[in-house]
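Data first, discussion second: the structure below is written as structure tokens.
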Amino acid sequence: MSFPQNTDAAGQNTDAGGRPDATAGGGLAARVDSALARGVTRVTGSSLGSYQTAVMRIGLSFTWLFFLLREWPNRHELYGPDGPWSWDMARRLTDDNRAFTALMWSDSGVWFETVYVLAIVSGALLMLGWRTRTMSVLAMIGVLSLQNRSIFVGDGGDNVLHLMALYMVFTRCGRVWSLDARRAARREAGAGAGPGEGDRDVTGIVLWTLCGLALVVAQAVGDTRLEWTADGPVPGIGWATVLWGLWAAQGLWWFVRRHAPGEPRTVLDAFANLAHNGALLVIMVEVCLIYATAGWYKIQGSRWQDGTALFYPMHIDYFSPWPALSHALASSGTVVLLLSYGTVAVQVAFPFTLLNRRVKNVLLAVMMAEHLGIAVTLGLPFFSLAMIVADAVFLPTSFLRRLGVLAGRARDRLPLAPRGAVPAPRESEEGAAGSRTLVG
């Protein structure tokens, strides 16, 4: 026995109200199309995880800056002319692996000091969030230049900084908790600049021009065989193409904002959001891969299988800044067993806990505590800081907002704290909801 069905003029099944029937095949296609449309709108219409990328910007820049300042007395031995890895050896290595480093443009001591100081300055300005688009590129150049000059003096933390410095270039990490966000809030409030002055952005124009001149000089005097025709981050695309492309994109962004604020700016803003969200996804996947590979490789080791792996580094003088503490922990077989098995379990399980927000947050706190323990017991503060900052990409947005409020109240209590309300940077409701969905 058949039942009559309602149809529209096009012959599609409808319900009693004339709406497309959700139970029909056309309804399923419509739901899929609607879901895809909402996904595209969310990815291109807002920058997700603004607070998480701001924490990464501040944390990674602080880690890099702290390292450079701490190693200031040893900089010549680590990356300079007095190191065991000589300039000629580094030149032959970069010839082979096509790694980018500005220190190979010249073996002059003055050039080395210039690059080292510029790395410090760009790291500090990126941490403060001043001209984050430009400073993220300059900080990346500083990280690559120093680390690729002497690749054998780093550890896992340097690898994390290396990767994250590349990814941060494509994020809009200055939307909150930055001098850029503060300046934008003042401009929106109508304070300070006169009519049209904020759009001209004289400081930005001067900085962009200086960067262009620096690229011209670098390409004129640099070793073209090494840096400018070598493969860049994308195979077949040289570093000259990458850097000139970033420079041109920044100029195009200013031009469109100044002279075409309508649909062209909307299109460029959608591309910027897409690049930001894509980079954020890559960062999250990278962190998961770090823990997954570390955990599964540990499972294959016999010392991790019998639970004695952590006993040995605690008895190495180089990794024992507090020998009494290390020996006390290593003296208990139960403690060593629990720490060894617990480390493997946490690292292997973490990628799977992303399916449950509460479990993920608990395990995230455990992992951060583990890295703090590594910093204290094994004397690896920079590695631990880099990993804690990388973990911060998964922190809940609500927690970071509360943390920002508490930090603001603590700042206001300082004797020299600036008075006068500057509006806090606001996220759109869509962006906030997206942040909670992606990383909350």
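Naming works like this for the structure tokens: A, B, ... for the chains as they're shown, residue 1 at the start of each chain, ligands 1 onward in shown order.
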Would you pick out the contacts of region 377-392 of chain A at 10 Å or less, using only C-alpha atoms, so that residues sharing its chain but fewer than 5 positions from it are not included, and give the list as number ranges by chain?
A: 51-64, 66-67, 154-161, 164, 283-284, 286-288, 290, 313-327, 329, 364-365, 367-372, 400, 439
Expressed in Å, the length from CA of Ala90 (chain A) to CA of Val115 (chain A) is 16.1 Å
Nearest residue to Val216 (chain A) out of A:Ala328, A:Leu243, A:Ala185, A:Ile141, using only C-alpha atoms?
A:Leu243
Residue neighbourhood Val336 (chain A), 8 Å, only C-alpha atoms, exclusion window fewer than 6 positions, as a list in words:
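Skipping anything fewer than 6 positions along the chain leaves Gly307, Thr308, Ala309, Leu310, Phe311, Leu329 and Ala330 of chain A.
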Selection: 9 Å around Trp254 (chain A), only C-alpha atoms, excl. self and same-chain fewer than 6 positions, as a short mmCIF file (atom, residue, chain, number, x, y, z; two decimals) with all heavy atoms, in the first residue's frame:
data_model
loop_
_atom_site.label_atom_id
_atom_site.label_comp_id
_atom_site.auth_asym_id
_atom_site.auth_seq_id
_atom_site.Cartn_x
_atom_site.Cartn_y
_atom_site.Cartn_z
N ASP A 199 44.66 55.61 9.44
CA ASP A 199 44.68 54.82 8.23
C ASP A 199 46.01 54.94 7.50
O ASP A 199 46.43 54.03 6.81
CB ASP A 199 43.53 55.24 7.30
CG ASP A 199 42.17 54.88 7.89
OD1 ASP A 199 42.14 53.94 8.70
OD2 ASP A 199 41.19 55.53 7.54
N ARG A 200 46.66 56.11 7.63
CA ARG A 200 47.94 56.28 6.93
C ARG A 200 49.02 55.39 7.54
O ARG A 200 49.84 54.83 6.83
CB ARG A 200 48.38 57.74 7.00
CG ARG A 200 47.59 58.66 6.08
CD ARG A 200 48.36 59.94 5.86
NE ARG A 200 48.54 60.68 7.10
CZ ARG A 200 47.70 61.57 7.56
NH1 ARG A 200 46.57 61.81 6.90
NH2 ARG A 200 47.94 62.22 8.68
N ASP A 201 49.06 55.28 8.86
CA ASP A 201 49.98 54.39 9.55
C ASP A 201 51.42 54.65 9.09
O ASP A 201 52.06 53.81 8.45
CB ASP A 201 49.59 52.93 9.30
CG ASP A 201 50.35 51.97 10.22
OD1 ASP A 201 50.98 52.45 11.18
OD2 ASP A 201 50.31 50.76 9.97
N GLY A 204 54.03 52.10 10.11
CA GLY A 204 53.98 50.87 9.33
C GLY A 204 54.57 51.04 7.95
O GLY A 204 55.28 50.15 7.45
N ILE A 205 54.32 52.20 7.31
CA ILE A 205 54.87 52.45 5.98
C ILE A 205 56.40 52.51 6.03
O ILE A 205 57.10 51.93 5.19
CB ILE A 205 54.29 53.75 5.40
CG1 ILE A 205 52.78 53.59 5.19
CG2 ILE A 205 54.98 54.12 4.10
CD1 ILE A 205 52.09 54.87 4.76
#
